[in-house]
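Participant: This is upload-v1.cif (mmCIF, C-alpha atoms and all ligand atoms).
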data_entry
loop_
_atom_site.group_PDB
_atom_site.id
_atom_site.type_symbol
_atom_site.label_atom_id
_atom_site.label_comp_id
_atom_site.auth_asym_id
_atom_site.auth_seq_id
_atom_site.Cartn_x
_atom_site.Cartn_y
_atom_site.Cartn_z
ATOM 1 C CA MET L 10 0.000 0.000 0.000
ATOM 2 C CA LEU L 11 1.300 3.370 -1.049
ATOM 3 C CA ILE L 12 0.961 6.325 1.339
ATOM 4 C CA LEU L 13 1.832 9.775 -0.004
ATOM 5 C CA HIS L 14 2.066 12.985 2.011
ATOM 6 C CA CYS L 15 -0.118 15.602 0.335
ATOM 7 C CA PRO L 16 1.922 18.821 0.279
ATOM 8 C CA TYR L 17 -1.263 20.896 0.027
ATOM 9 C CA CYS L 18 -3.498 19.731 2.873
ATOM 10 C CA GLY L 19 -0.711 18.094 4.876
ATOM 11 C CA VAL L 20 -2.274 14.676 5.455
ATOM 12 C CA ASP L 21 -0.702 11.293 4.809
ATOM 13 C CA ALA L 22 -3.031 10.028 2.102
ATOM 14 C CA ASP L 23 -3.595 6.373 1.526
ATOM 15 C CA GLU L 24 -3.435 5.246 -2.122
ATOM 16 C CA THR L 25 -7.217 4.793 -2.108
ATOM 17 C CA GLU L 26 -7.681 8.533 -1.507
ATOM 18 C CA LEU L 27 -5.553 9.323 -4.548
ATOM 19 C CA ALA L 28 -6.001 9.321 -8.300
ATOM 20 C CA PRO L 29 -2.920 8.546 -10.417
ATOM 21 C CA GLY L 30 -1.930 11.050 -13.095
ATOM 22 C CA GLY L 31 0.910 9.243 -14.833
ATOM 23 C CA GLU L 32 4.437 10.386 -15.539
ATOM 24 C CA ALA L 33 5.472 13.811 -14.255
ATOM 25 C CA HIS L 34 7.286 16.696 -15.907
ATOM 26 C CA LEU L 35 6.187 16.020 -19.486
ATOM 27 C CA LYS L 36 6.936 18.837 -21.904
ATOM 28 C CA ARG L 37 3.981 19.644 -24.084
ATOM 29 C CA PHE L 38 4.407 19.633 -27.854
ATOM 30 C CA GLY L 39 1.443 21.163 -29.630
ATOM 31 C CA PRO L 40 0.864 23.199 -32.777
ATOM 32 C CA GLY L 41 4.100 23.817 -34.687
ATOM 33 C CA SER L 42 5.882 20.741 -33.351
ATOM 34 C CA SER L 43 7.093 17.894 -35.544
ATOM 35 C CA ASP L 44 5.107 14.686 -35.913
ATOM 36 C CA ALA L 45 7.798 12.817 -33.990
ATOM 37 C CA GLU L 46 7.694 15.305 -31.087
ATOM 38 C CA PHE L 47 3.912 15.219 -30.944
ATOM 39 C CA GLU L 48 3.840 11.431 -31.005
ATOM 40 C CA ALA L 49 6.408 11.279 -28.200
ATOM 41 C CA TYR L 50 4.422 13.773 -26.148
ATOM 42 C CA LEU L 51 1.231 11.769 -26.556
ATOM 43 C CA PHE L 52 2.441 8.203 -26.298
ATOM 44 C CA GLN L 53 6.034 7.689 -25.198
ATOM 45 C CA ARG L 54 6.498 7.287 -21.461
ATOM 46 C CA GLU L 55 9.260 6.286 -19.118
ATOM 47 C CA ASN L 56 8.803 2.863 -17.571
ATOM 48 C CA PRO L 57 11.764 2.661 -15.223
ATOM 49 C CA LYS L 58 12.699 -0.065 -12.795
ATOM 50 C CA GLY L 59 13.618 2.195 -9.886
ATOM 51 C CA VAL L 60 13.376 5.966 -9.450
ATOM 52 C CA HIS L 61 10.277 7.449 -11.021
ATOM 53 C CA PHE L 62 8.410 10.771 -10.918
ATOM 54 C CA GLU L 63 4.642 10.841 -11.056
ATOM 55 C CA ARG L 64 1.623 13.119 -10.803
ATOM 56 C CA TRP L 65 -1.051 12.280 -8.273
ATOM 57 C CA ARG L 66 -4.268 13.990 -7.303
ATOM 58 C CA HIS L 67 -5.683 14.026 -3.795
ATOM 59 C CA ALA L 68 -9.096 13.162 -5.246
ATOM 60 C CA ASN L 69 -10.847 12.040 -2.051
ATOM 61 C CA GLY L 70 -9.285 14.877 -0.109
ATOM 62 C CA CYS L 71 -8.301 18.468 -0.855
ATOM 63 C CA GLY L 72 -8.579 17.837 -4.595
ATOM 64 C CA LYS L 73 -5.096 19.142 -5.459
ATOM 65 C CA TRP L 74 -2.575 17.740 -7.918
ATOM 66 C CA PHE L 75 0.956 17.194 -6.625
ATOM 67 C CA HIS L 76 4.173 15.395 -7.578
ATOM 68 C CA ALA L 77 5.714 12.299 -6.037
ATOM 69 C CA ALA L 78 9.098 10.615 -6.401
ATOM 70 C CA ARG L 79 9.149 6.907 -5.645
ATOM 71 C CA CYS L 80 10.949 3.664 -6.452
ATOM 72 C CA THR L 81 8.905 1.386 -8.703
ATOM 73 C CA THR L 82 10.609 -1.756 -7.366
ATOM 74 C CA THR L 83 10.330 -1.188 -3.620
ATOM 75 C CA ASN L 84 7.588 1.477 -3.517
ATOM 76 C CA GLU L 85 9.910 3.547 -1.307
ATOM 77 C CA VAL L 86 8.697 7.150 -1.422
ATOM 78 C CA PHE L 87 11.514 9.690 -1.680
ATOM 79 C CA GLY L 88 9.195 12.631 -1.289
ATOM 80 C CA THR L 89 6.257 14.621 -2.598
ATOM 81 C CA TYR L 90 6.347 18.188 -3.859
ATOM 82 C CA SER L 91 4.462 21.053 -5.441
ATOM 83 C CA ALA L 92 2.656 20.689 -8.755
ATOM 84 C CA GLN L 93 3.928 24.138 -9.774
ATOM 85 C CA VAL L 94 7.378 23.002 -10.918
ATOM 86 C CA THR L 95 8.715 21.617 -14.203
ATOM 87 C CA GLU L 96 11.407 19.440 -12.666
ATOM 88 C CA PRO L 97 12.106 17.789 -9.292
ATOM 89 C CA PRO L 98 13.277 20.296 -6.657
ATOM 90 C CA ARG L 99 16.869 20.145 -5.411
ATOM 91 C CA ASP L 100 16.058 18.610 -2.015
ATOM 92 C CA ILE L 101 14.129 15.717 -3.566
ATOM 93 C CA HIS L 102 16.936 15.200 -6.074
ATOM 94 C CA ASP L 103 19.539 15.132 -3.305
ATOM 95 C CA LYS L 104 17.489 12.729 -1.202
ATOM 96 C CA ILE L 105 17.287 10.269 -4.092
ATOM 97 C CA THR L 106 21.021 10.595 -4.729
ATOM 98 C CA GLY L 107 21.647 9.806 -1.060
ATOM 99 C CA LYS L 108 19.557 6.657 -1.255
ATOM 100 C CA ARG L 109 20.288 5.542 -4.841
ATOM 101 C CA PRO L 110 23.862 6.669 -5.563
ATOM 102 C CA GLY L 111 24.545 6.639 -9.286
ATOM 103 C CA TRP L 112 20.911 6.884 -10.404
ATOM 104 C CA LEU L 113 20.571 8.497 -13.794
ATOM 105 C CA SER L 114 18.825 11.839 -13.525
ATOM 106 C CA ARG L 115 17.332 13.530 -16.535
ATOM 107 C CA TRP L 116 17.626 16.928 -14.880
ATOM 108 C CA LEU L 117 20.857 17.355 -12.955
ATOM 109 C CA SER L 118 24.217 15.639 -13.190
ATOM 110 C CA MET Q 30 -42.746 27.602 -0.222
ATOM 111 C CA SER Q 31 -41.348 24.115 -0.554
ATOM 112 C CA ASP Q 32 -41.397 21.817 2.421
ATOM 113 C CA LEU Q 33 -37.645 21.524 2.935
ATOM 114 C CA ALA Q 34 -36.385 18.286 4.407
ATOM 115 C CA SER Q 35 -33.079 16.594 5.002
ATOM 116 C CA PRO Q 36 -32.619 13.267 3.159
ATOM 117 C CA LEU Q 37 -33.233 10.874 6.061
ATOM 118 C CA PRO Q 38 -34.997 12.856 8.779
ATOM 119 C CA GLY Q 39 -34.892 11.251 12.173
ATOM 120 C CA VAL Q 40 -32.753 8.283 11.173
ATOM 121 C CA ALA Q 41 -30.845 7.057 14.214
ATOM 122 C CA VAL Q 42 -29.283 3.761 15.203
ATOM 123 C CA SER Q 43 -27.629 2.640 18.375
ATOM 124 C CA GLY Q 44 -24.860 0.082 18.621
ATOM 125 C CA ILE Q 45 -21.224 0.378 19.631
ATOM 126 C CA ALA Q 46 -21.840 4.084 18.913
ATOM 127 C CA GLU Q 47 -24.825 6.340 18.350
ATOM 128 C CA VAL Q 48 -25.443 7.317 14.730
ATOM 129 C CA ARG Q 49 -28.007 9.941 13.750
ATOM 130 C CA GLU Q 50 -28.814 12.199 10.875
ATOM 131 C CA LEU Q 51 -28.348 15.844 11.798
ATOM 132 C CA GLY Q 52 -30.849 17.514 9.486
ATOM 133 C CA LEU Q 53 -30.292 20.568 7.333
ATOM 134 C CA ARG Q 54 -27.344 22.892 7.753
ATOM 135 C CA GLY Q 55 -26.214 25.895 5.780
ATOM 136 C CA MET Q 56 -22.918 25.361 3.954
ATOM 137 C CA ILE Q 57 -21.282 27.987 1.774
ATOM 138 C CA THR Q 58 -18.189 27.304 -0.274
ATOM 139 C CA ILE Q 59 -15.718 30.126 -0.841
ATOM 140 C CA LYS Q 60 -12.922 29.465 -3.310
ATOM 141 C CA GLY Q 61 -10.227 32.073 -3.707
ATOM 142 C CA ASP Q 62 -6.918 33.296 -2.302
ATOM 143 C CA LEU Q 63 -7.402 32.652 1.423
ATOM 144 C CA ALA Q 64 -4.418 34.886 2.219
ATOM 145 C CA LEU Q 65 -6.242 37.965 0.912
ATOM 146 C CA PRO Q 66 -7.396 40.065 3.882
ATOM 147 C CA LEU Q 67 -10.818 40.632 2.303
ATOM 148 C CA VAL Q 68 -11.462 36.899 1.772
ATOM 149 C CA ASN Q 69 -10.232 36.127 5.267
ATOM 150 C CA SER Q 70 -12.213 38.871 6.970
ATOM 151 C CA THR Q 71 -15.403 38.088 5.038
ATOM 152 C CA ALA Q 72 -15.274 34.439 6.098
ATOM 153 C CA THR Q 73 -14.520 35.239 9.733
ATOM 154 C CA GLY Q 74 -17.050 38.072 9.772
ATOM 155 C CA VAL Q 75 -19.949 35.926 8.569
ATOM 156 C CA SER Q 76 -19.073 32.973 10.799
ATOM 157 C CA GLY Q 77 -17.949 34.817 13.916
ATOM 158 C CA VAL Q 78 -14.990 32.480 14.470
ATOM 159 C CA ASP Q 79 -11.233 32.685 13.909
ATOM 160 C CA PHE Q 80 -9.909 31.498 10.570
ATOM 161 C CA PRO Q 81 -9.039 27.801 11.046
ATOM 162 C CA ASP Q 82 -5.547 26.393 10.575
ATOM 163 C CA ARG Q 83 -4.928 23.842 7.833
ATOM 164 C CA GLY Q 84 -6.894 20.667 8.572
ATOM 165 C CA GLN Q 85 -9.030 22.299 11.259
ATOM 166 C CA ALA Q 86 -12.525 23.671 11.781
ATOM 167 C CA ASN Q 87 -13.716 26.333 14.222
ATOM 168 C CA TYR Q 88 -17.277 26.901 15.321
ATOM 169 C CA VAL Q 89 -19.495 28.768 17.717
ATOM 170 C CA GLY Q 90 -23.120 27.678 17.924
ATOM 171 C CA GLU Q 91 -24.352 26.802 14.438
ATOM 172 C CA ARG Q 92 -21.764 28.953 12.699
ATOM 173 C CA GLY Q 93 -18.259 27.943 11.801
ATOM 174 C CA LEU Q 94 -15.440 27.652 9.277
ATOM 175 C CA CYS Q 95 -14.017 24.415 7.857
ATOM 176 C CA TRP Q 96 -10.645 24.322 6.087
ATOM 177 C CA MET Q 97 -11.251 22.426 2.830
ATOM 178 C CA ALA Q 98 -8.169 23.095 0.672
ATOM 179 C CA PRO Q 99 -5.449 25.755 0.302
ATOM 180 C CA ASP Q 100 -7.884 27.820 -1.781
ATOM 181 C CA GLU Q 101 -11.200 26.739 -0.294
ATOM 182 C CA ILE Q 102 -13.017 27.431 2.957
ATOM 183 C CA MET Q 103 -16.524 26.333 3.918
ATOM 184 C CA VAL Q 104 -18.785 28.553 5.996
ATOM 185 C CA LEU Q 105 -21.332 26.845 8.260
ATOM 186 C CA THR Q 106 -24.547 28.714 9.022
ATOM 187 C CA PRO Q 107 -28.080 27.962 10.182
ATOM 188 C CA TYR Q 108 -29.823 26.497 7.121
ATOM 189 C CA ALA Q 109 -32.390 29.284 6.849
ATOM 190 C CA GLU Q 110 -29.663 31.929 6.704
ATOM 191 C CA ALA Q 111 -27.441 30.307 4.061
ATOM 192 C CA ALA Q 112 -29.036 31.995 1.035
ATOM 193 C CA GLY Q 113 -28.795 35.460 2.550
ATOM 194 C CA ASP Q 114 -25.251 34.899 3.765
ATOM 195 C CA THR Q 115 -24.225 33.608 0.331
ATOM 196 C CA ALA Q 116 -25.565 36.757 -1.318
ATOM 197 C CA HIS Q 117 -23.760 38.906 1.247
ATOM 198 C CA ILE Q 118 -20.412 37.135 0.749
ATOM 199 C CA ALA Q 119 -20.746 37.236 -3.045
ATOM 200 C CA HIS Q 120 -21.486 40.958 -2.860
ATOM 201 C CA VAL Q 121 -18.486 41.716 -0.649
ATOM 202 C CA LEU Q 122 -16.186 39.657 -2.905
ATOM 203 C CA ARG Q 123 -17.700 40.885 -6.194
ATOM 204 C CA ASP Q 124 -14.439 42.531 -7.302
ATOM 205 C CA THR Q 125 -12.193 39.771 -5.919
ATOM 206 C CA HIS Q 126 -11.349 36.719 -8.025
ATOM 207 C CA SER Q 127 -13.391 34.101 -6.176
ATOM 208 C CA LEU Q 128 -16.273 31.644 -6.267
ATOM 209 C CA VAL Q 129 -19.083 31.700 -3.720
ATOM 210 C CA ALA Q 130 -21.707 28.953 -3.757
ATOM 211 C CA ASN Q 131 -24.519 27.870 -1.449
ATOM 212 C CA VAL Q 132 -23.958 24.092 -1.326
ATOM 213 C CA SER Q 133 -26.318 23.384 1.585
ATOM 214 C CA ASP Q 134 -28.669 21.232 -0.500
ATOM 215 C CA ALA Q 135 -25.794 19.200 -1.945
ATOM 216 C CA ARG Q 136 -24.926 17.678 1.410
ATOM 217 C CA CYS Q 137 -26.104 15.283 4.070
ATOM 218 C CA LEU Q 138 -24.850 15.299 7.620
ATOM 219 C CA PHE Q 139 -24.487 12.601 10.287
ATOM 220 C CA GLU Q 140 -23.210 12.438 13.825
ATOM 221 C CA VAL Q 141 -21.389 9.445 15.271
ATOM 222 C CA SER Q 142 -20.922 9.639 19.015
ATOM 223 C CA GLY Q 143 -19.782 7.531 21.920
ATOM 224 C CA ALA Q 144 -16.598 5.944 23.198
ATOM 225 C CA SER Q 145 -16.289 3.836 20.001
ATOM 226 C CA ALA Q 146 -17.044 6.638 17.526
ATOM 227 C CA ARG Q 147 -13.468 6.643 16.208
ATOM 228 C CA GLU Q 148 -13.664 2.902 15.710
ATOM 229 C CA VAL Q 149 -16.835 3.157 13.614
ATOM 230 C CA LEU Q 150 -15.176 5.638 11.272
ATOM 231 C CA SER Q 151 -11.940 3.652 11.149
ATOM 232 C CA LYS Q 152 -13.830 0.754 9.586
ATOM 233 C CA LEU Q 153 -14.806 2.985 6.680
ATOM 234 C CA THR Q 154 -12.037 5.505 6.025
ATOM 235 C CA PRO Q 155 -8.282 5.271 5.375
ATOM 236 C CA ALA Q 156 -7.821 8.470 7.426
ATOM 237 C CA ASP Q 157 -5.845 8.042 10.649
ATOM 238 C CA MET Q 158 -8.470 8.368 13.403
ATOM 239 C CA HIS Q 159 -6.015 7.750 16.250
ATOM 240 C CA PRO Q 160 -6.644 10.046 19.246
ATOM 241 C CA ASP Q 161 -3.042 11.298 19.045
ATOM 242 C CA ARG Q 162 -3.417 12.272 15.375
ATOM 243 C CA PHE Q 163 -7.060 13.260 14.932
ATOM 244 C CA ARG Q 164 -7.761 15.528 17.858
ATOM 245 C CA PRO Q 165 -10.874 17.568 18.650
ATOM 246 C CA GLY Q 166 -11.081 20.391 16.115
ATOM 247 C CA ALA Q 167 -9.553 18.330 13.300
ATOM 248 C CA PHE Q 168 -11.403 18.359 9.986
ATOM 249 C CA ARG Q 169 -10.446 16.082 7.111
ATOM 250 C CA ARG Q 170 -11.782 15.320 3.672
ATOM 251 C CA THR Q 171 -11.443 11.655 2.841
ATOM 252 C CA ARG Q 172 -13.673 8.810 1.697
ATOM 253 C CA LEU Q 173 -16.086 6.442 3.436
ATOM 254 C CA ALA Q 174 -15.939 3.121 1.587
ATOM 255 C CA GLN Q 175 -16.728 4.183 -1.979
ATOM 256 C CA VAL Q 176 -17.859 7.797 -1.619
ATOM 257 C CA PRO Q 177 -16.151 11.092 -0.736
ATOM 258 C CA ALA Q 178 -16.843 12.459 2.729
ATOM 259 C CA ALA Q 179 -15.447 14.776 5.366
ATOM 260 C CA VAL Q 180 -15.010 13.962 9.035
ATOM 261 C CA TRP Q 181 -14.905 16.525 11.813
ATOM 262 C CA MET Q 182 -13.861 15.721 15.373
ATOM 263 C CA ARG Q 183 -16.257 17.920 17.388
ATOM 264 C CA ASP Q 184 -15.018 16.586 20.713
ATOM 265 C CA ASP Q 185 -13.204 13.450 21.791
ATOM 266 C CA GLN Q 186 -16.294 11.259 21.390
ATOM 267 C CA THR Q 187 -18.310 13.075 18.729
ATOM 268 C CA ILE Q 188 -17.618 12.962 15.000
ATOM 269 C CA GLU Q 189 -19.602 14.797 12.352
ATOM 270 C CA VAL Q 190 -19.712 13.227 8.905
ATOM 271 C CA PHE Q 191 -20.377 15.297 5.761
ATOM 272 C CA ALA Q 192 -21.226 13.575 2.476
ATOM 273 C CA PHE Q 193 -23.062 14.251 -0.743
ATOM 274 C CA ARG Q 194 -26.827 14.179 -0.387
ATOM 275 C CA SER Q 195 -27.142 11.806 -3.346
ATOM 276 C CA ALA Q 196 -25.226 9.226 -1.270
ATOM 277 C CA ALA Q 197 -27.155 9.804 1.968
ATOM 278 C CA ARG Q 198 -28.757 6.349 2.148
ATOM 279 C CA TYR Q 199 -25.453 4.660 1.300
ATOM 280 C CA VAL Q 200 -23.557 6.606 3.988
ATOM 281 C CA SER Q 201 -26.318 6.029 6.527
ATOM 282 C CA ASP Q 202 -26.216 2.263 5.883
ATOM 283 C CA LEU Q 203 -22.411 2.232 6.076
ATOM 284 C CA LEU Q 204 -22.385 3.966 9.451
ATOM 285 C CA ALA Q 205 -25.215 1.845 10.840
ATOM 286 C CA ASN Q 206 -23.459 -1.350 9.758
ATOM 287 C CA ALA Q 207 -20.099 -0.242 11.164
ATOM 288 C CA ALA Q 208 -21.818 0.576 14.478
ATOM 289 C CA ARG Q 209 -23.690 -2.731 14.768
ATOM 290 C CA PRO Q 210 -23.818 -4.071 18.342
ATOM 291 C CA GLY Q 211 -21.072 -6.535 19.160
ATOM 292 C CA THR Q 212 -18.674 -5.357 16.447
ATOM 293 C CA ALA Q 213 -16.245 -3.373 18.604
ATOM 294 C CA VAL Q 214 -12.629 -4.015 17.674
ATOM 295 C CA GLY Q 215 -11.061 -2.285 20.659
ATOM 296 C CA TYR Q 216 -8.141 -0.881 18.715
ATOM 297 C CA TYR Q 217 -8.077 2.579 20.272
HETATM 298 ZN ZN ZN P 1 -4.478 17.014 -0.025
#
If you took the structure in this file and wrote it as structure tokens, what would it be?
Facilitator:
Amino acid sequence: MLILHCPYCGVDADETELAPGGEAHLKRFGPGSSDAEFEAYLFQRENPKGVHFERWRHANGCGKWFHAARCTTTNEVFGTYSAQVTEPPRDIHDKITGKRPGWLSRWLS
Amino acid sequence: MSDLASPLPGVAVSGIAEVRELGLRGMITIKGDLALPLVNSTATGVSGVDFPDRGQANYVGERGLCWMAPDEIMVLTPYAEAAGDTAHIAHVLRDTHSLVANVSDARCLFEVSGASAREVLSKLTPADMHPDRFRPGAFRRTRLAQVPAAVWMRDDQTIEVFAFRSAARYVSDLLANAARPGTAVGYY
């Protein structure tokens, strides 16, 4: 069972209070983009074994979207954070690096 | 004038806790920037209570404020005064980016009371009802089995349950079943 801390209302929300929103930090490609970019935006998703970033909504709760970083193999939650960012914040990034040295980050080296 | 009635007037069951329907109550949703002094003062002015902290509700008599979300507060009023209060709030906030709605008729309301009240709710919600975590004054939106609901710890043995009126019978049956005599778990 997954329990995520909602950064908006501050409760520890059980998975059954949450609605999954898929992979986080997608960059939108719309009008003017190439067919390949648009296809990737619509259909191509990460499916990692390990560190992953997702969007969740506190549906049976405050109703807010937020971000979560977790490990897909162990379900260890590294942290949750604001929806108003386009990449994982530094503290979440550092926490993952502390627990999974050598993980491949898309955002920071 | 219509003959206004709550969904299950007078419904009450007694088991490991007392469950009863509470009748009609005025509920007004305000969505907006809660940090704006005008939004804050309008909510506290109409309700006559301090603005609640995150995850809390304050009340005096039939009036109160429930913290719903970072941009949403719910005003409790006597049912008969909800329409007038809604118009007043909407007028005061007319030039402020906000939403004001009288949601009184969208809701049903129950009370679960007694030494095992927490236990009854714990059978139905994933929310942590432990006395150390969910203290008197705490207000939380969650779910009861398959429907959304909010639970409010009025005092250590009294819990108010808010749900959608369309699910009133379902919620009533859930609570009555969870409170059936002889089903105490004794966890808390
Ligand atoms: Zn929340």
Participant: List every residue of chain L that has an atom at most 9 Å from any atom of chain Q, giving for each one its closest atom pair and the distance in Å to one decimal, counting all atoms listed in the file, sorted by chain and then by ascending residue number, as a tab-separated table.
Facilitator:
residue	atom	partner	partner_atom	distance
L:Tyr17	CA	Q:Pro99	CA	6.4
L:Cys18	CA	Q:Ala98	CA	6.2
L:Gly19	CA	Q:Gly84	CA	7.6
L:Val20	CA	Q:Gly84	CA	8.2
L:Asp21	CA	Q:Ala156	CA	8.1
L:Ala22	CA	Q:Ala156	CA	7.3
L:Asp23	CA	Q:Pro155	CA	6.2
L:Glu24	CA	Q:Pro155	CA	8.9
L:Thr25	CA	Q:Pro155	CA	7.6
L:Glu26	CA	Q:Thr171	CA	6.5
L:Ala68	CA	Q:Thr171	CA	8.6
L:Asn69	CA	Q:Thr171	CA	4.9
L:Gly70	CA	Q:Arg170	CA	4.6
L:Cys71	CA	Q:Ala98	CA	4.9
L:Gly72	CA	Q:Ala98	CA	7.5
L:Lys73	CA	Q:Ala98	CA	7.9
Participant: Report the residues retrieved by the PyMOL selection byres (((chain Q and resi 41) around 12) and not hetatm) from the displayed file, expressed as a compact mmCIF listing (two decimals) with C-alpha atoms, in the frame of the given file.
Facilitator:
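Dumped to part-v8.txt:
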# COMPACT_ATOMS: atom_id res chain seq x y z
CA LEU Q 37 -33.23 10.87 6.06
CA PRO Q 38 -35.00 12.86 8.78
CA GLY Q 39 -34.89 11.25 12.17
CA VAL Q 40 -32.75 8.28 11.17
CA VAL Q 42 -29.28 3.76 15.20
CA SER Q 43 -27.63 2.64 18.38
CA GLY Q 44 -24.86 0.08 18.62
CA ALA Q 46 -21.84 4.08 18.91
CA GLU Q 47 -24.82 6.34 18.35
CA VAL Q 48 -25.44 7.32 14.73
CA ARG Q 49 -28.01 9.94 13.75
CA GLU Q 50 -28.81 12.20 10.88
CA LEU Q 51 -28.35 15.84 11.80
CA GLY Q 52 -30.85 17.51 9.49
CA PHE Q 139 -24.49 12.60 10.29
CA GLU Q 140 -23.21 12.44 13.82
CA VAL Q 141 -21.39 9.44 15.27
CA SER Q 142 -20.92 9.64 19.02
CA SER Q 201 -26.32 6.03 6.53
CA ASP Q 202 -26.22 2.26 5.88
CA LEU Q 204 -22.38 3.97 9.45
CA ALA Q 205 -25.22 1.84 10.84
CA ALA Q 208 -21.82 0.58 14.48
Participant: Could you check the closest approach to Leu153 in chain Q for each of Q:Thr115, Q:Thr187, Q:Ser195, Q:Asn206 and tell me which residue wins, using all atoms listed in the file?
Facilitator: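 Of the candidates, the smallest distance to Leu153 in chain Q is held by Q:Asn206.
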Participant: Here is a test: counting all atoms listed in the file, which residue of L:Thr106, L:Thr89, L:Ser42, L:Thr83 is nearest to ligand ZN 1 (chain P)?
Facilitator: L:Thr89
Participant: Applying the PyMOL selection byres (((chain Q and resi 103) around 6) and not hetatm) to the file I just gave you, which residues come out? Please list them as a PyMOL selection string.
Facilitator: chain Q and resi 57-58+94-95+102+104
Participant: Any chance you could export the current selection's C-alpha atoms as a PDB file, in the coordinates of the input?
Facilitator:
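Produced file selection.pdb, reproduced below:
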ATOM      1  CA  ILE Q  57     -21.282  27.987   1.774  1.00  0.00           C
ATOM      2  CA  THR Q  58     -18.189  27.304  -0.274  1.00  0.00           C
ATOM      3  CA  LEU Q  94     -15.440  27.652   9.277  1.00  0.00           C
ATOM      4  CA  CYS Q  95     -14.017  24.415   7.857  1.00  0.00           C
ATOM      5  CA  ILE Q 102     -13.017  27.431   2.957  1.00  0.00           C
ATOM      6  CA  VAL Q 104     -18.785  28.553   5.996  1.00  0.00           C
TER       7      VAL Q 104
END
Participant: Using Å and a single decimal, report how far CA of Ser151 in chain Q sits from CA of Asp79 in chain Q.
Facilitator: 29.2 Å
Participant: Please compute the CA of Leu65 in chain Q-CA of Ser91 in chain L distance, one decimal, in Å.
Facilitator: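 Going from CA of Leu65 in chain Q over to CA of Ser91 in chain L covers 21.0 Å.
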Participant: Running the PyMOL selection byres (((chain L and resi 96) around 8) and not hetatm) on this model by hand, what would come out? Give it as number ranges by chain.
Facilitator: L: 34, 94-95, 97-98, 116
Participant: Would you mind reading off the distance between CA of Ala34 in chain Q and CA of Tyr108 in chain Q, one decimal, in Å?
Facilitator: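 A separation of 10.9 Å between them.
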Participant: Give the answer as one residue: which of Q:Ile45, Q:Val75, Q:Ala64, Q:Val121 has the shortest atom-to-atom distance to Val214 in chain Q, using only C-alpha atoms?
Facilitator: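 Closest to Val214 in chain Q, using only C-alpha atoms: Q:Ile45.
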Participant: Counting all atoms listed in the file, what is within 12 Å of Thr81 in chain L, bar same-chain residues fewer than 5 positions away, as a tab-separated table (two decimals) with C-alpha atoms, in the frame of the given file?
Facilitator:
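Saved result, around26.tsv, follows:
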chain	number	residue	atom	x	y	z
L	11	LEU	CA	1.30	3.37	-1.05
L	55	GLU	CA	9.26	6.29	-19.12
L	56	ASN	CA	8.80	2.86	-17.57
L	57	PRO	CA	11.76	2.66	-15.22
L	58	LYS	CA	12.70	-0.06	-12.80
L	59	GLY	CA	13.62	2.19	-9.89
L	60	VAL	CA	13.38	5.97	-9.45
L	61	HIS	CA	10.28	7.45	-11.02
L	62	PHE	CA	8.41	10.77	-10.92
L	63	GLU	CA	4.64	10.84	-11.06
L	86	VAL	CA	8.70	7.15	-1.42
L	87	PHE	CA	11.51	9.69	-1.68
Participant: Quick one: residues within 12 Å of range 124-134 of chain Q, only C-alpha atoms counted, chain neighbours fewer than 5 positions away excluded, as a VMD selection string?
Facilitator: chain Q and resid 33 to 36 52 to 63 65 to 69 71 to 72 100 to 119 191 to 195 197
Participant: Considering all atoms listed in the file, state which residue in the set L:Pro16, L:Tyr50, L:Ile105, L:His76 is at the smallest distance from Phe38 in chain L.
Facilitator: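 Checking each candidate against Phe38 in chain L, we get L:Tyr50 as the closest.
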Participant: Kindly extract all protein, DNA and RNA residues lying within 12 Å of the coordinates (-16.7, 16.5, 19.2) given in the file, considering only C-alpha atoms, and supply them as number ranges by chain.
Facilitator: Q: 86-88, 140-144, 146-147, 160, 163-168, 180-190
